[in-house]
Structure formats: structure tokens, C-alpha cells
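Notes follow the structure.
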Amino acid sequence: MENILAVLLTCLAVARAYPDGANIPVAVCTTMTPNAVSHNATPQAINTSPYTLTAVGDMYWYGQGVTVSITGPAFKGFMIQARSTNASVTTSLGSWTTTADTVAHTDCNALVHYNNSEKTNLTVTWMPPSMDKGTVQFMATVVQSKQMFWVGHVATQTLVYNATSAVTTTAAPAGTTVSSGNVCFMSSILMFAVLLICGMQMTSVV
């Protein structure tokens with residue numbers, strides 16, 4: 001009986017391929033490695049991956065989204081996180097804007113696949129945190145099929161915090177600077193108005 005139960009549990013685990021990334025176990029949040037039992041496989045060597053993870057820009061600040069992309073042949077699943085380059089910090093940073101093919105994994109603070117339909121050249125948007133978190137890098141796991149997946153993609157671009165852009169200013173828009181010529185013109189108009197008023201007052205007295 002125990003052997004039969006063990007076989008049933010194993011079959012159940014293998015059948016679960018997590019077509020909805022939101023159901024990925026919390027246990028993989030740090031390693032970003034799919035469960036070996038449910039996938040019946042281990043990760044492929046990262047240097048054999050046909051996928052590239054890229055980010056646009058070299059700075060981040062609150063309120064300004066950062067474009068992140070996975071390019072390569074069709075794939076079915078993925079997990080992307082933004083992390084500090086400080087190895088001692090294992091929690092992911094910021095948040096993600098979801099699309100029709102993506103969903104936020106709240107426990108892992110990651111962006112994952114919404115379904116296991118084939119996807120190509122995925123482009124998503126990362127929203128930075130409101131504070132300086134040091135240098136940020138993007139990491140991803142890409143699942144091509146149930147038994148073919150790669151863990152450990154790291155975008156070559158790293159981002160540093162831009163404190164200047166993070167501060168909202170109320171500076172006058174470009175082109176609104178008042179030149180000396182404009183000052184003289186306005187002064188002339190004001191003087192003309194004063195003379196006109198004085199002339200009207202003198203006429204009324206006479």
C-alpha cells in the first residue's frame with residue numbers, strides 16, 4: 001500500500017508542470033530553479049542557452065520603468081527578478097508591469113508566465129523601488145519545454161540609482177526664459193500705460 005501511494009504521489013508531482021507561473025512554489029524564489037521532480041529533469045548548462053536577457057539603460061529611479069527583454073527561440077515559461085549585485089541581498093527588488101502573457105508572483109516578487117503557450121521575444125517593464133537599492137541586475141530562468149530549461153541568465157547591463165532624476169522639480173519649461181529684450185519691451189508697455197493714464201487724468205481736470 002505504501003509503495004502504491006508513493007508511486008501515485010510521484011506521478012502527481014511529475015504531472016504538475018506549473019502552466020500558470022503564479023503557482024510556482026515559494027521554495028524556488030531564491031534559486032529560481034524549477035522543481036526537478038515536477039519537471040523530471042535538471043537545468044541545462046547555462047552556456048548552452050539560446051536565450052539572451054537584456055535591459056535598456058544604465059540607471060533607475062522611482063516612477064521610470066525599465067524595459068527588460070528575453071530573446072531567442074520560442075519558450076513556454078520563465079521567471080524574471082531584479083536583484084542587488086550584492087550577493088548577500090537575496091530578496092528581489094521593485095515590481096513588474098504585467099501583460100497578457102505574464103503575471104506577478106507576489107511571494108517571489110518576480111514576473112512569471114501566465115500560461116504555457118509558446119512565447120517569443122518577450123518584452124516587459126520593471127518598476128524601480130522608491131529608494132536607492134544599490135546596483136541592480138536582472139536574472140531569469142527560461143523554460144523551453146518541460147525537460148529543457150536554463151537557470152542563471154544574467155543581463156549584462158547593470159543599473160545604478162539616479163538620485164537627480166528621482167527628485168521632482170518645478171523648474172520652468174524650456175523656452176520660457178525671459179530675456180533682457182523682453183524685459184525692455186514690457187517696461188516700455190508699462191511706461192506707455194502710465195503716460196496714457198496720466199494724460200487722461202489731466203484732460204479730465206481741464
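By order in the C-alpha cells, chains are A, B, ...; within a chain, residues start at 1; ligands start at 1, following the order shown.
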
| said: Env of Ile46 (chain A): 7 Å cut, atoms = only C-alpha atoms, seq-sep filter 5 positions within chain, self excluded. Answer as a PyMOL selection string. | reply: chain A and resi 150-152

| said: Please compute the CA of Ala36 (chain A)-CA of Asn109 (chain A) distance, one decimal, in Å. | reply: 21.9 Å

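Of the listed residues A:Thr42, A:Gln147, A:Thr52, A:Thr120, the one whose atoms come nearest to Asp101 (chain A) is A:Thr120, with distances taken using only C-alpha atoms.
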
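Nearest residue to Leu53 (chain A), choosing from A:Ile70, A:Val37, A:Leu111, A:Ala27 and counting only C-alpha atoms: A:Ile70.
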
| task | Using DSSP on the backbone coordinates, identify all residues within region 29-189 of chain A classified as strand (DSSP E or B); present the result as a PyMOL selection string. | result | chain A and resi 44+52-55+59-60+66-71+75+77-84+92+95-97+102-105+110-113+119+122-127+136-145+148-154+159-161

| For Pro34 (chain A), which of A:Asn121, A:Val142, A:Val154, A:Cys108 is the closest residue, counting only C-alpha atoms? | A:Val142

| said: Using only C-alpha atoms for the distances, tell me which of A:Gly94, A:Gly134, A:Pro19, A:Gly57 is nearest to Glu118 (chain A). | reply: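 Nearest to Glu118 (chain A): A:Pro19.
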
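Near Thr125 (chain A), within 10 Å and counting only C-alpha atoms, sit Ala55, Gln64, Gly65, Val66, Thr67, Val68, Ser69, Ser95, Trp96, Thr97, Thr98, Thr99 and Leu111 of chain A, not including residues fewer than 5 positions from it in the same chain.
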
| message | I'd like the contact shell of Ala82 (chain A) - 6 Å cut-off, only C-alpha atoms, skipping same-chain residues fewer than 6 positions apart - returned as a list in words. | response |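 Answer for this query is Ser92, Leu93, Gln137 and Phe138 of chain A.
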
| request: List every residue of region 34-184 of chain A that DSSP, applied to the backbone of this structure, places in alpha helix (DSSP H), and write the result as a list of chain:residue names. | output: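 Everything in region 34-184 of chain A that counts as alpha helix (DSSP H) is A:Ala36, A:Val37, A:Ser38, A:His39, A:Ala163, A:Thr164, A:Ser165, A:Ala166, A:Ser180, A:Gly181, A:Asn182, A:Val183, A:Cys184.
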
| message | Set the distance at 10 Å and use only C-alpha atoms: which residues neighbour Met59 (chain A) once local chain neighbours fewer than 4 positions away are removed? I'd like the list as a ChimeraX atom specification. | response | /A:64,66,135-136,157-163,165

| said: Quick one: residues within 9 Å of Ala22 (chain A), only C-alpha atoms, excluding same-chain residues fewer than 3 positions away - as a PyMOL selection string? | reply: chain A and resi 18-19+25+103-106+111-114

| Could you name the residues that touch Tyr51 (chain A) at 6 Å or less, counting only C-alpha atoms, but leaving out those on the same chain fewer than 2 positions away, as a list in words? |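 Non-adjacent residues within range: Ser49, Thr71 and Gly72 of chain A.
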
| query | Just how far from CA of Asp132 (chain A) is CA of Gly21 (chain A), in Å to one decimal? | reply |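 One can read the CA of Gly21 (chain A) to CA of Asp132 (chain A) distance as 28.9 Å.
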